[in-house]
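Scroll down for the structure; my scribbles are underneath it.
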Number of protein chains: 4
Amino acid sequence: MRFYSDNTATAAPEILAAIAEANQGNTIAYGDDPWTQRLDEVLGKFFGTQVRAFAVATGTAANSLSLAALSPPWGAIYAHAEAHIGVDECGAPQFFTGGAQLVSLLGENAKLTPSVLGAAIDKHPANVHTVQPAVVSMTQATELGTVYRPEEIAAISRLAHERGLAVQMDGARFANALAFLDCHPGDVTWRAGVDVLSFGATKNGALAAEAVVFFDRGRVRDFEFRRKRAGHLISKSRFIAAQLLAYVETGVWQRNARRANAFAQRIGSAAGKTLMHPVEANEVFVRLGEERKSALRTAGFGFYDWGPARSGEARFVASWDQREEDVAALCRALGE
Amino acid sequence: MRFYSDNTATAAPEILAAIAEANQGNTIAYGDDPWTQRLDEVLGKFFGTQVRAFAVATGTAANSLSLAALSPPWGAIYAHAEAHIGVDECGAPQFFTGGAQLVSLLGENAKLTPSVLGAAIDKHPANVHTVQPAVVSMTQATELGTVYRPEEIAAISRLAHERGLAVQMDGARFANALAFLDCHPGDVTWRAGVDVLSFGATKNGALAAEAVVFFDRGRVRDFEFRRKRAGHLISKSRFIAAQLLAYVETGVWQRNARRANAFAQRIGSAAGKTLMHPVEANEVFVRLGEERKSALRTAGFGFYDWGPARSGEARFVASWDQREEDVAALCRALGE
Amino acid sequence: MRFYSDNTATAAPEILAAIAEANQGNTIAYGDDPWTQRLDEVLGKFFGTQVRAFAVATGTAANSLSLAALSPPWGAIYAHAEAHIGVDECGAPQFFTGGAQLVSLLGENAKLTPSVLGAAIDKHPANVHTVQPAVVSMTQATELGTVYRPEEIAAISRLAHERGLAVQMDGARFANALAFLDCHPGDVTWRAGVDVLSFGATKNGALAAEAVVFFDRGRVRDFEFRRKRAGHLISKSRFIAAQLLAYVETGVWQRNARRANAFAQRIGSAAGKTLMHPVEANEVFVRLGEERKSALRTAGFGFYDWGPARSGEARFVASWDQREEDVAALCRALGE
Amino acid sequence: MRFYSDNTATAAPEILAAIAEANQGNTIAYGDDPWTQRLDEVLGKFFGTQVRAFAVATGTAANSLSLAALSPPWGAIYAHAEAHIGVDECGAPQFFTGGAQLVSLLGENAKLTPSVLGAAIDKHPANVHTVQPAVVSMTQATELGTVYRPEEIAAISRLAHERGLAVQMDGARFANALAFLDCHPGDVTWRAGVDVLSFGATKNGALAAEAVVFFDRGRVRDFEFRRKRAGHLISKSRFIAAQLLAYVETGVWQRNARRANAFAQRIGSAAGKTLMHPVEANEVFVRLGEERKSALRTAGFGFYDWGPARSGEARFVASWDQREEDVAALCRALGE
């Protein structure tokens, strides 16, 4: 019974069907095919505004390529200390940007706040001695399973734009955040000031497909050169694009996200007082103690340790394809 | 009737079936799944020696990551002037290596020779003023559709190793070369001195799957950090690995390559005296003149111009899934 | 009356004399001259052990090149939040390393401690998802004018080596630290576990000369390629080497550092309760309030603001060539 | 009797005097001093147009930083196969640009021509698959001691600008070229379309000083961040600036260059039929045979081999401070 990560999940049938359907006849390569050509329109409709969207195969690529489009090599990229770009990508943003400096910020529930961001920007005045403020990156849903509200994002974006920064969003679990908020996709992106979004589909049912979505189309500039040069322009692009189209157009993004979130809610409720953070998306963080963790593992539950060694903390991630009975079993075990 | 590139082809049914089969139940992510774990064994068996194999989604990634594993930032990478790594990857090898210098060499039929390579290495003596000889890269089949013989590869590898260089092979069309030579996969790789191979599957029937195969396992070193950091570690790795396993284990690599090669032979024969290079793999280069090219396009044939502007040259690529009747039509048109 | 920085100082007569003396006749370029060739021996004698020493013209180059010799592109470099490498070098360490990640640590008086370092290393376990612990960098004297004691350095180095990290020291004001401690140069470097030192001379009397000193000579490896490639191999190398030789051999390092430190002591005493940190090297940090700062400036004293805007903090740096009467005037003004 | 390189020469008395004169009192660091502040004006006057000029300590830095200001990481930089940037800088341009591709071109006397350049640009069409034409770099005087005429430069610049490229000039021996041509400095730079010049002084009498001169001031953009980040912003900047000011204002650039050129003319005349290229600046290339080279070395002449091993070729460089009698002795020896 695996609760390690939503990356352990299968691909959704809607996605595989779309790939099979795209597998008809020869078509032009490297993104000039009809599937890829529809991305802007379909994602634009989804978000309610004109966009430029680019398909890539991994979330690390989506984040790093978008950050590289927004930050010079001497830029500062501000993100929460828990952010995937700083913690889990082996320095990919530095590689893609040519050496930008990640600045780790603190904040409750893995969220940034304007005051913390503002103080950090102040440390990088406009002279050649220090890296220059370039991007603020938010994660939606956050690495602790919490979700930024539209007004929280807007407040950060406003400050960022006033200070000349671009706003990037790591949306590896964007659908889960959206399902929780039950708002329009535009409300937590362009209407709240987000310039570029890494729109993740893989964790929520795709095989391997993420979109870099530019709401500020003026920032696209050299993106396509960067993508090609990083080996992230897929030759048979139709197969990545078809996944993204199906993800949005069949509504599987929402069905899957709702299902995973609902599982997480149940697990969170079962966890009771051991719960460390509000459960909003599809992740649950609990402080169980090492003994209970061992017992759960003996009972067949797979999950990752969290926090410092022997802190007794654990993370449970609910995937869209989790079996009902596994979740029920986990809830029982946690509730005991 | 598209003869632009084998990248325009569909994915083979064997590949899609393997993906569907891998889509059962949760499995560990990022390469610790049973499919990915079998790559070393299955590719080792295919090549007849122990290997370390890593799955990535694009050929540019496979080439650039392998070159970065073999060359320091101040290295020289020697390749033919027609090589994909120098001509068609937007500088990816330079990006991944941290700025290695590509050295373009000449040679008939897009092949390197020991004498040309030796003279080039001589220009980079062992001092800090010049880049240092690091890698020779051969393309098999070459960019002009020709195929290195085992002894040609061995002669180059011997020289390279004597001079302290590593040997990398860009095998984007490796299966086509192998089908032409009808030899053991080991004969044109490790037995001929190749240290690392970019083993392509995408052009020949996969959806998006290439393997970086280390025959010299001592050179793997930091490869996995480089791959992750470049965004090329696929989270649901099983779906890439499953393609590669099926590609080798079902024999689709050979069936498809033979079919494409046979088409190319027919097109080459039809081309007659307009043929520019021997047809050995699945590409055909002809000097038709601009008028005949126009006429062919009007007649519904799609293909790329080749060579300098208005040189009258054209490239036709036969894909594994090309329709019999399209090939026949092209042959008729060329033969007229 | 300038108390901005020791970079505003003149070059010492001993240094200019050495340059003039080296300016005799033709000599081989790029470091094969007799002056450069003596660096290892002379610095080895100074430090009491065998070293490999390389001359460069700036402290940023010395720090970045040494860090690049010690950290892979996916390395983590741990340093205090105040460290010059993170705050004042416009991301140079990231540029030279190919994108290593700087990790900012806290600690009183701008010093690292083993416990803080250990906790930070724990956050980077040995897997491909995160950057890998590579280097700890200490600044001696620190950016707040304090000085690590030999046992403090040794404790950090011990932990670093146990955990597989290299130990780099930014010694832009190394002479000032040494003059304060009045210990042997080896006591705060190789005997305390330092692997590589940026040995600064410019701030303390040279024209433009710093040495990268490898105590662990096994780590030199590719250093010379990195230096050349970064444009930091000086063609007329004798003129940089001659500065370093004179700096050490004439004892000017000590005379100048003692003089600057003594000035700082007097300024620190005059500052009384406004003093923010112990005065150990040649820098004095005071909390004066904005009004007093204005008054001092009106009275002709030049110095930098410190800390957050309108914090009322100021930094005074005493240079070796500061005029006696200017220091006296500053002391009077601070004492009022 | 050393004829290895003009890098083996001493610093001119005018330069040392200027350093001593600049060594008066404290001054602001990092380029805000009065000496550095005069660079634009003094170099602007020299070139007869408004410029932005930046001091650095090495020619490799000057070239690489200027190329990085002109080329994106995916840019193509076109230069002659003999160019210092491709042959003698250990890949520095690739490091500073973040991986641009150097394209080696052929041409008599180490000079580029519009037709060769045009054909090379044609190979890099405007799509993401290939590097994008960014810069053409000319060396004045060339690596073979020849000198571009104003109209030769203008023809290349015209083509470059028509095709959207910037024009950079490596002027490590610019003064020697100018002395040969006896024209206005503007005639072979901005009036002939050069956008950025590496204006060398070190080889011709400075201690360590080169200027990056932007004639197209709109291209300066991020130059200062790049310089700082590469460790090439000198803290005591006045000492580099003072060299450059003296170099231009005292006329030492011309006196020294004329002297070195005159020596080279004499050596070239003495070489007679062994001469390989016209002697225009201060370098002489001869084909002597291995035996005569040995004999010369036995007789006490120091010089570098040239060309392929055992080609019998040699290079003699005349420095500004060469002793009259050494040159006479060499001429006698060559004339025998």
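Scheme for the structure tokens: letters A, B, ... for chains in order shown; per-chain residue numbers from 1; ligand numbers from 1 in order shown.
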Could you name the residues that touch region 80-92 of chain D at 9 Å or less, counting only C-alpha atoms, but leaving out those on the same chain fewer than 3 positions away, as a compact mmCIF listing (two decimals) with C-alpha atoms, in the first residue's frame?
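To be explicit, this is the file written out as around02.txt:
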# COMPACT_ATOMS: atom_id res chain seq x y z
CA PRO B 73 34.43 22.02 -19.59
CA TRP B 74 37.83 22.65 -21.17
CA GLY B 75 37.67 19.52 -23.32
CA ALA B 76 37.75 19.23 -27.10
CA GLY B 99 31.45 24.88 -22.52
CA ALA B 100 33.53 22.20 -24.22
CA GLN B 101 34.77 23.03 -27.71
CA LYS B 123 46.62 20.85 -32.50
CA HIS B 124 45.70 20.59 -28.82
CA ASN B 127 49.09 22.88 -21.80
CA VAL B 128 46.65 25.31 -20.26
CA HIS B 129 46.37 27.51 -23.31
CA THR B 130 44.28 25.19 -25.40
CA VAL B 131 41.29 22.97 -24.84
CA GLN B 132 42.27 19.40 -24.06
CA PHE C 225 42.82 24.94 -16.67
CA ARG C 226 40.10 26.69 -14.72
CA LYS C 228 43.33 30.09 -17.71
CA ARG C 229 39.83 29.57 -18.96
CA ALA C 230 38.55 32.27 -16.64
CA GLY C 231 41.08 34.79 -17.94
CA THR D 60 41.49 36.59 -22.42
CA ALA D 61 39.16 38.39 -20.05
CA ASN D 63 37.88 38.96 -25.37
CA SER D 64 35.64 36.62 -23.43
CA PHE D 95 32.90 29.56 -20.46
CA PHE D 96 31.95 33.23 -20.41
CA THR D 97 29.14 32.98 -22.95
CA LEU D 102 33.03 28.81 -32.07
CA VAL D 103 33.01 28.36 -35.81
CA SER D 104 36.47 28.14 -37.37
CA LEU D 105 36.91 29.74 -40.76
CA LEU D 106 39.77 29.63 -43.22
CA GLY D 107 41.36 32.50 -45.10
CA ALA D 110 44.81 34.56 -41.04
CA LYS D 111 42.18 36.98 -42.33
CA LEU D 112 38.47 36.47 -42.76
CA SER D 137 35.55 38.23 -34.35
CA MET D 138 38.57 39.62 -36.19
CA THR D 139 42.08 39.78 -34.78
CA THR D 142 46.23 38.78 -36.92
CA GLU D 143 47.84 35.75 -35.37
CA LEU D 144 50.15 35.56 -38.37
CA ASP D 170 40.62 41.15 -30.67
If the cut-off is 9 Å, can you tell me the residues of chain D near chain C, counting only C-alpha atoms? I'd like them as JSON, numbers by chain.
{"D": [1, 2, 4, 5, 6, 7, 8, 9, 10, 11, 12, 16, 19, 20, 22, 23, 24, 25, 26, 27, 28, 29, 30, 57, 58, 59, 60, 61, 62, 64, 89, 90, 91, 92, 93, 94, 95, 96, 202, 203, 207, 208, 225, 226, 228, 229, 230, 231, 232, 233, 234, 235, 236, 237, 239, 321, 322]}
Could you write out that same residue set with C-alpha atoms as a CSV table (one decimal), in the first residue's frame?
chain,number,residue,atom,x,y,z
D,1,MET,CA,68.0,36.4,-26.7
D,2,ARG,CA,64.3,35.9,-26.4
D,4,TYR,CA,59.2,33.9,-27.8
D,5,SER,CA,56.6,36.5,-27.3
D,6,ASP,CA,55.9,40.1,-26.5
D,7,ASN,CA,54.5,38.9,-23.2
D,8,THR,CA,58.0,38.3,-22.1
D,9,ALA,CA,58.8,42.0,-22.3
D,10,THR,CA,59.1,44.4,-19.4
D,11,ALA,CA,56.6,47.1,-18.5
D,12,ALA,CA,57.5,50.5,-20.0
D,16,LEU,CA,55.3,52.3,-14.0
D,19,ILE,CA,51.1,53.6,-11.3
D,20,ALA,CA,53.4,55.4,-8.9
D,22,ALA,CA,48.2,57.0,-9.0
D,23,ASN,CA,49.4,55.7,-5.6
D,24,GLN,CA,48.6,58.9,-3.8
D,25,GLY,CA,46.1,58.9,-1.0
D,26,ASN,CA,42.9,56.9,-0.5
D,27,THR,CA,40.4,56.8,-3.3
D,28,ILE,CA,37.1,55.0,-3.9
D,29,ALA,CA,37.4,51.4,-4.9
D,30,TYR,CA,35.9,49.2,-7.7
D,57,ALA,CA,43.8,42.7,-16.4
D,58,THR,CA,44.1,40.1,-19.2
D,59,GLY,CA,43.4,39.8,-22.9
D,60,THR,CA,41.5,36.6,-22.4
D,61,ALA,CA,39.2,38.4,-20.1
D,62,ALA,CA,38.7,41.3,-22.5
D,64,SER,CA,35.6,36.6,-23.4
D,89,GLU,CA,42.3,30.6,-24.4
D,90,CYS,CA,41.4,27.2,-23.2
D,91,GLY,CA,37.8,27.6,-24.1
D,92,ALA,CA,37.3,30.9,-22.3
D,93,PRO,CA,34.7,32.3,-24.8
D,94,GLN,CA,32.6,29.2,-24.2
D,95,PHE,CA,32.9,29.6,-20.5
D,96,PHE,CA,31.9,33.2,-20.4
D,202,THR,CA,50.0,44.5,-21.9
D,203,LYS,CA,52.0,43.1,-24.8
D,207,LEU,CA,52.1,45.6,-16.7
D,208,ALA,CA,48.6,44.1,-17.0
D,225,PHE,CA,27.6,42.3,-14.0
D,226,ARG,CA,29.5,39.9,-16.2
D,228,LYS,CA,32.2,41.4,-11.6
D,229,ARG,CA,30.9,37.9,-11.6
D,230,ALA,CA,34.0,36.7,-13.4
D,231,GLY,CA,36.3,38.2,-10.9
D,232,HIS,CA,37.6,40.8,-13.3
D,233,LEU,CA,36.5,44.0,-11.5
D,234,ILE,CA,39.7,45.0,-9.9
D,235,SER,CA,39.2,46.5,-6.4
D,236,LYS,CA,42.1,49.0,-6.7
D,237,SER,CA,40.9,49.8,-10.2
D,239,PHE,CA,46.1,51.0,-11.0
D,321,ASP,CA,62.1,46.4,-25.4
D,322,GLN,CA,64.1,44.1,-27.4
Looking only at the backbone, which of the residues in region 13-216 of chain A does DSSP tag as strand (DSSP E), as a JSON list (two decimals) with N, CA, C and O atoms, in the first residue's frame?
[["chain", "number", "residue", "atom", "x", "y", "z"],
["A", 52, "ARG", "N", 1.06, 31.48, -24.17],
["A", 52, "ARG", "CA", 1.97, 30.69, -24.99],
["A", 52, "ARG", "C", 2.36, 29.51, -24.12],
["A", 52, "ARG", "O", 2.81, 29.69, -22.98],
["A", 53, "ALA", "N", 2.16, 28.30, -24.64],
["A", 53, "ALA", "CA", 2.38, 27.10, -23.82],
["A", 53, "ALA", "C", 3.36, 26.18, -24.52],
["A", 53, "ALA", "O", 3.29, 25.99, -25.74],
["A", 54, "PHE", "N", 4.26, 25.60, -23.74],
["A", 54, "PHE", "CA", 5.30, 24.72, -24.28],
["A", 54, "PHE", "C", 5.31, 23.41, -23.51],
["A", 54, "PHE", "O", 5.32, 23.42, -22.28],
["A", 55, "ALA", "N", 5.32, 22.32, -24.24],
["A", 55, "ALA", "CA", 5.28, 21.01, -23.60],
["A", 55, "ALA", "C", 6.69, 20.51, -23.30],
["A", 55, "ALA", "O", 7.59, 20.63, -24.13],
["A", 56, "VAL", "N", 6.87, 19.97, -22.11],
["A", 56, "VAL", "CA", 8.11, 19.26, -21.77],
["A", 56, "VAL", "C", 7.74, 17.99, -21.00],
["A", 56, "VAL", "O", 6.59, 17.80, -20.62],
["A", 75, "GLY", "N", 21.07, 36.62, -11.48],
["A", 75, "GLY", "CA", 19.81, 36.93, -10.81],
["A", 75, "GLY", "C", 19.67, 36.23, -9.47],
["A", 75, "GLY", "O", 20.32, 35.23, -9.20],
["A", 76, "ALA", "N", 18.79, 36.78, -8.64],
["A", 76, "ALA", "CA", 18.39, 36.11, -7.40],
["A", 76, "ALA", "C", 16.98, 35.58, -7.60],
["A", 76, "ALA", "O", 16.12, 36.29, -8.10],
["A", 77, "ILE", "N", 16.78, 34.33, -7.23],
["A", 77, "ILE", "CA", 15.48, 33.69, -7.31],
["A", 77, "ILE", "C", 15.03, 33.40, -5.88],
["A", 77, "ILE", "O", 15.69, 32.65, -5.16],
["A", 78, "TYR", "N", 13.93, 34.00, -5.49],
["A", 78, "TYR", "CA", 13.44, 33.87, -4.12],
["A", 78, "TYR", "C", 12.39, 32.78, -4.05],
["A", 78, "TYR", "O", 11.44, 32.78, -4.83],
["A", 79, "ALA", "N", 12.57, 31.87, -3.12],
["A", 79, "ALA", "CA", 11.60, 30.79, -2.97],
["A", 79, "ALA", "C", 11.60, 30.33, -1.52],
["A", 79, "ALA", "O", 12.55, 30.59, -0.77],
["A", 80, "HIS", "N", 10.55, 29.64, -1.14],
["A", 80, "HIS", "CA", 10.48, 29.12, 0.22],
["A", 80, "HIS", "C", 11.55, 28.05, 0.43],
["A", 80, "HIS", "O", 11.93, 27.34, -0.51],
["A", 101, "GLN", "N", 21.32, 32.66, -8.21],
["A", 101, "GLN", "CA", 21.40, 32.34, -6.79],
["A", 101, "GLN", "C", 20.01, 32.12, -6.21],
["A", 101, "GLN", "O", 19.16, 33.00, -6.29],
["A", 102, "LEU", "N", 19.78, 30.94, -5.63],
["A", 102, "LEU", "CA", 18.52, 30.69, -4.96],
["A", 102, "LEU", "C", 18.58, 31.27, -3.56],
["A", 102, "LEU", "O", 19.52, 31.03, -2.83],
["A", 103, "VAL", "N", 17.54, 32.02, -3.20],
["A", 103, "VAL", "CA", 17.48, 32.59, -1.87],
["A", 103, "VAL", "C", 16.33, 31.93, -1.13],
["A", 103, "VAL", "O", 15.18, 32.02, -1.54],
["A", 104, "SER", "N", 16.66, 31.26, -0.05],
["A", 104, "SER", "CA", 15.68, 30.49, 0.73],
["A", 104, "SER", "C", 14.97, 31.38, 1.73],
["A", 104, "SER", "O", 15.64, 32.02, 2.55],
["A", 105, "LEU", "N", 13.67, 31.36, 1.69],
["A", 105, "LEU", "CA", 12.90, 32.18, 2.62],
["A", 105, "LEU", "C", 12.05, 31.31, 3.52],
["A", 105, "LEU", "O", 11.65, 30.20, 3.14],
["A", 132, "GLN", "N", 21.16, 40.16, -8.57],
["A", 132, "GLN", "CA", 20.08, 41.11, -8.77],
["A", 132, "GLN", "C", 18.71, 40.42, -8.70],
["A", 132, "GLN", "O", 18.50, 39.39, -9.33],
["A", 133, "PRO", "N", 17.80, 41.00, -7.93],
["A", 133, "PRO", "CA", 16.46, 40.41, -7.78],
["A", 133, "PRO", "C", 15.82, 40.14, -9.15],
["A", 133, "PRO", "O", 15.73, 41.06, -9.97],
["A", 134, "ALA", "N", 15.40, 38.91, -9.38],
["A", 134, "ALA", "CA", 14.91, 38.56, -10.71],
["A", 134, "ALA", "C", 13.55, 37.86, -10.68],
["A", 134, "ALA", "O", 12.66, 38.20, -11.45],
["A", 135, "VAL", "N", 13.39, 36.90, -9.81],
["A", 135, "VAL", "CA", 12.17, 36.08, -9.83],
["A", 135, "VAL", "C", 11.75, 35.71, -8.41],
["A", 135, "VAL", "O", 12.60, 35.44, -7.56],
["A", 136, "VAL", "N", 10.44, 35.68, -8.19],
["A", 136, "VAL", "CA", 9.93, 34.99, -7.01],
["A", 136, "VAL", "C", 9.18, 33.76, -7.50],
["A", 136, "VAL", "O", 8.44, 33.82, -8.48],
["A", 137, "SER", "N", 9.43, 32.64, -6.85],
["A", 137, "SER", "CA", 8.79, 31.39, -7.24],
["A", 137, "SER", "C", 7.91, 30.89, -6.11],
["A", 137, "SER", "O", 8.36, 30.72, -4.99],
["A", 138, "MET", "N", 6.65, 30.67, -6.43],
["A", 138, "MET", "CA", 5.72, 30.07, -5.46],
["A", 138, "MET", "C", 5.36, 28.66, -5.89],
["A", 138, "MET", "O", 5.31, 28.39, -7.09],
["A", 139, "THR", "N", 5.08, 27.80, -4.94],
["A", 139, "THR", "CA", 4.68, 26.43, -5.26],
["A", 139, "THR", "C", 3.22, 26.27, -4.90],
["A", 139, "THR", "O", 2.82, 26.56, -3.77],
["A", 166, "ALA", "N", 9.93, 39.04, -11.77],
["A", 166, "ALA", "CA", 8.92, 38.23, -12.43],
["A", 166, "ALA", "C", 8.37, 37.21, -11.43],
["A", 166, "ALA", "O", 9.01, 36.90, -10.41],
["A", 167, "VAL", "N", 7.19, 36.70, -11.72],
["A", 167, "VAL", "CA", 6.52, 35.76, -10.83],
["A", 167, "VAL", "C", 6.37, 34.42, -11.53],
["A", 167, "VAL", "O", 5.71, 34.31, -12.56],
["A", 168, "GLN", "N", 7.00, 33.40, -10.95],
["A", 168, "GLN", "CA", 6.91, 32.06, -11.50],
["A", 168, "GLN", "C", 6.17, 31.18, -10.51],
["A", 168, "GLN", "O", 6.30, 31.37, -9.30],
["A", 169, "MET", "N", 5.39, 30.26, -11.02],
["A", 169, "MET", "CA", 4.69, 29.33, -10.13],
["A", 169, "MET", "C", 5.03, 27.90, -10.52],
["A", 169, "MET", "O", 4.92, 27.52, -11.68],
["A", 170, "ASP", "N", 5.46, 27.14, -9.50],
["A", 170, "ASP", "CA", 5.69, 25.71, -9.68],
["A", 170, "ASP", "C", 4.36, 25.02, -9.40],
["A", 170, "ASP", "O", 3.96, 24.87, -8.25],
["A", 171, "GLY", "N", 3.69, 24.60, -10.47],
["A", 171, "GLY", "CA", 2.38, 23.98, -10.33],
["A", 171, "GLY", "C", 2.41, 22.48, -10.53],
["A", 171, "GLY", "O", 1.54, 21.93, -11.22],
["A", 196, "VAL", "N", 4.52, 33.20, -15.31],
["A", 196, "VAL", "CA", 4.79, 31.90, -15.94],
["A", 196, "VAL", "C", 4.46, 30.78, -14.96],
["A", 196, "VAL", "O", 4.81, 30.84, -13.78],
["A", 197, "LEU", "N", 3.80, 29.76, -15.48],
["A", 197, "LEU", "CA", 3.39, 28.63, -14.65],
["A", 197, "LEU", "C", 3.98, 27.33, -15.20],
["A", 197, "LEU", "O", 3.93, 27.07, -16.40],
["A", 198, "SER", "N", 4.55, 26.54, -14.29],
["A", 198, "SER", "CA", 4.83, 25.14, -14.64],
["A", 198, "SER", "C", 3.58, 24.35, -14.32],
["A", 198, "SER", "O", 3.26, 24.13, -13.15],
["A", 199, "PHE", "N", 2.90, 23.96, -15.36],
["A", 199, "PHE", "CA", 1.59, 23.33, -15.19],
["A", 199, "PHE", "C", 1.78, 21.82, -15.26],
["A", 199, "PHE", "O", 1.96, 21.25, -16.33],
["A", 200, "GLY", "N", 1.72, 21.19, -14.11],
["A", 200, "GLY", "CA", 2.05, 19.78, -14.02],
["A", 200, "GLY", "C", 0.87, 18.88, -14.33],
["A", 200, "GLY", "O", -0.26, 19.15, -13.91],
["A", 210, "GLU", "N", 4.26, 18.00, -18.94],
["A", 210, "GLU", "CA", 4.10, 19.23, -18.19],
["A", 210, "GLU", "C", 4.10, 20.36, -19.21],
["A", 210, "GLU", "O", 4.72, 20.25, -20.27],
["A", 211, "ALA", "N", 3.42, 21.43, -18.87],
["A", 211, "ALA", "CA", 3.43, 22.59, -19.79],
["A", 211, "ALA", "C", 4.03, 23.79, -19.09],
["A", 211, "ALA", "O", 3.73, 24.04, -17.92],
["A", 212, "VAL", "N", 4.86, 24.50, -19.80],
["A", 212, "VAL", "CA", 5.29, 25.82, -19.33],
["A", 212, "VAL", "C", 4.35, 26.82, -19.98],
["A", 212, "VAL", "O", 4.29, 26.93, -21.20],
["A", 213, "VAL", "N", 3.58, 27.50, -19.14],
["A", 213, "VAL", "CA", 2.55, 28.40, -19.64],
["A", 213, "VAL", "C", 2.95, 29.85, -19.35],
["A", 213, "VAL", "O", 3.07, 30.25, -18.19],
["A", 214, "PHE", "N", 3.17, 30.60, -20.41],
["A", 214, "PHE", "CA", 3.50, 32.03, -20.27],
["A", 214, "PHE", "C", 2.21, 32.84, -20.34],
["A", 214, "PHE", "O", 1.57, 32.89, -21.39]]
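Distance-wise, CA of Phe263 (chain C) and CA of Lys293 (chain C) end up 19.6 Å apart.
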Based on DSSP run over this structure's backbone, return all residues of region 16-218 of chain B in alpha helix (DSSP H), as an MDAnalysis selection string.
chainID B and resid 16:22 34:37 39:47 59:70 84:87 92:97 114:122 150:162 174:181
Interatomic distance (Å, one decimal) between CA of Ala314 (chain A) and CA of Arg255 (chain A)
26.6 Å
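Taking CA of Gly44 (chain B) and CA of Ile15 (chain B) as the two end points, the separation is 19.9 Å.
Among the candidates B:Val51, B:Ala242, B:Leu334, B:Ala154, the one nearest to Gly272 (chain B) when counting only C-alpha atoms is B:Leu334.
Using only C-alpha atoms, the nearest neighbour of Ala262 (chain B) within the list B:Trp320, B:Phe47, B:Phe301, B:Phe285 is B:Trp320.
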Would you kindly return, as a short mmCIF file (atom, residue, chain, number, x, y, z; two decimals) with N, CA and C atoms, in the first residue's frame, each protein, DNA or RNA residue with an atom no farther than 6 Å from any atom of Asn282 (chain C), considering only C-alpha atoms and excluding same-chain residues fewer than 3 positions away?
data_model
loop_
_atom_site.label_atom_id
_atom_site.label_comp_id
_atom_site.auth_asym_id
_atom_site.auth_seq_id
_atom_site.Cartn_x
_atom_site.Cartn_y
_atom_site.Cartn_z
N ALA C 260 46.76 48.62 10.86
CA ALA C 260 45.32 48.75 10.61
C ALA C 260 44.52 48.25 11.82
N ASN C 261 44.93 47.12 12.37
CA ASN C 261 44.22 46.59 13.54
C ASN C 261 44.28 47.56 14.72
N ALA C 264 41.85 50.21 14.32
CA ALA C 264 40.49 49.71 14.57
C ALA C 264 40.24 49.59 16.08
N VAL C 317 36.14 50.96 8.30
CA VAL C 317 37.27 50.06 8.04
C VAL C 317 38.56 50.87 8.15
N ALA C 318 39.49 50.35 8.94
CA ALA C 318 40.79 51.00 9.05
C ALA C 318 41.76 50.37 8.06
#
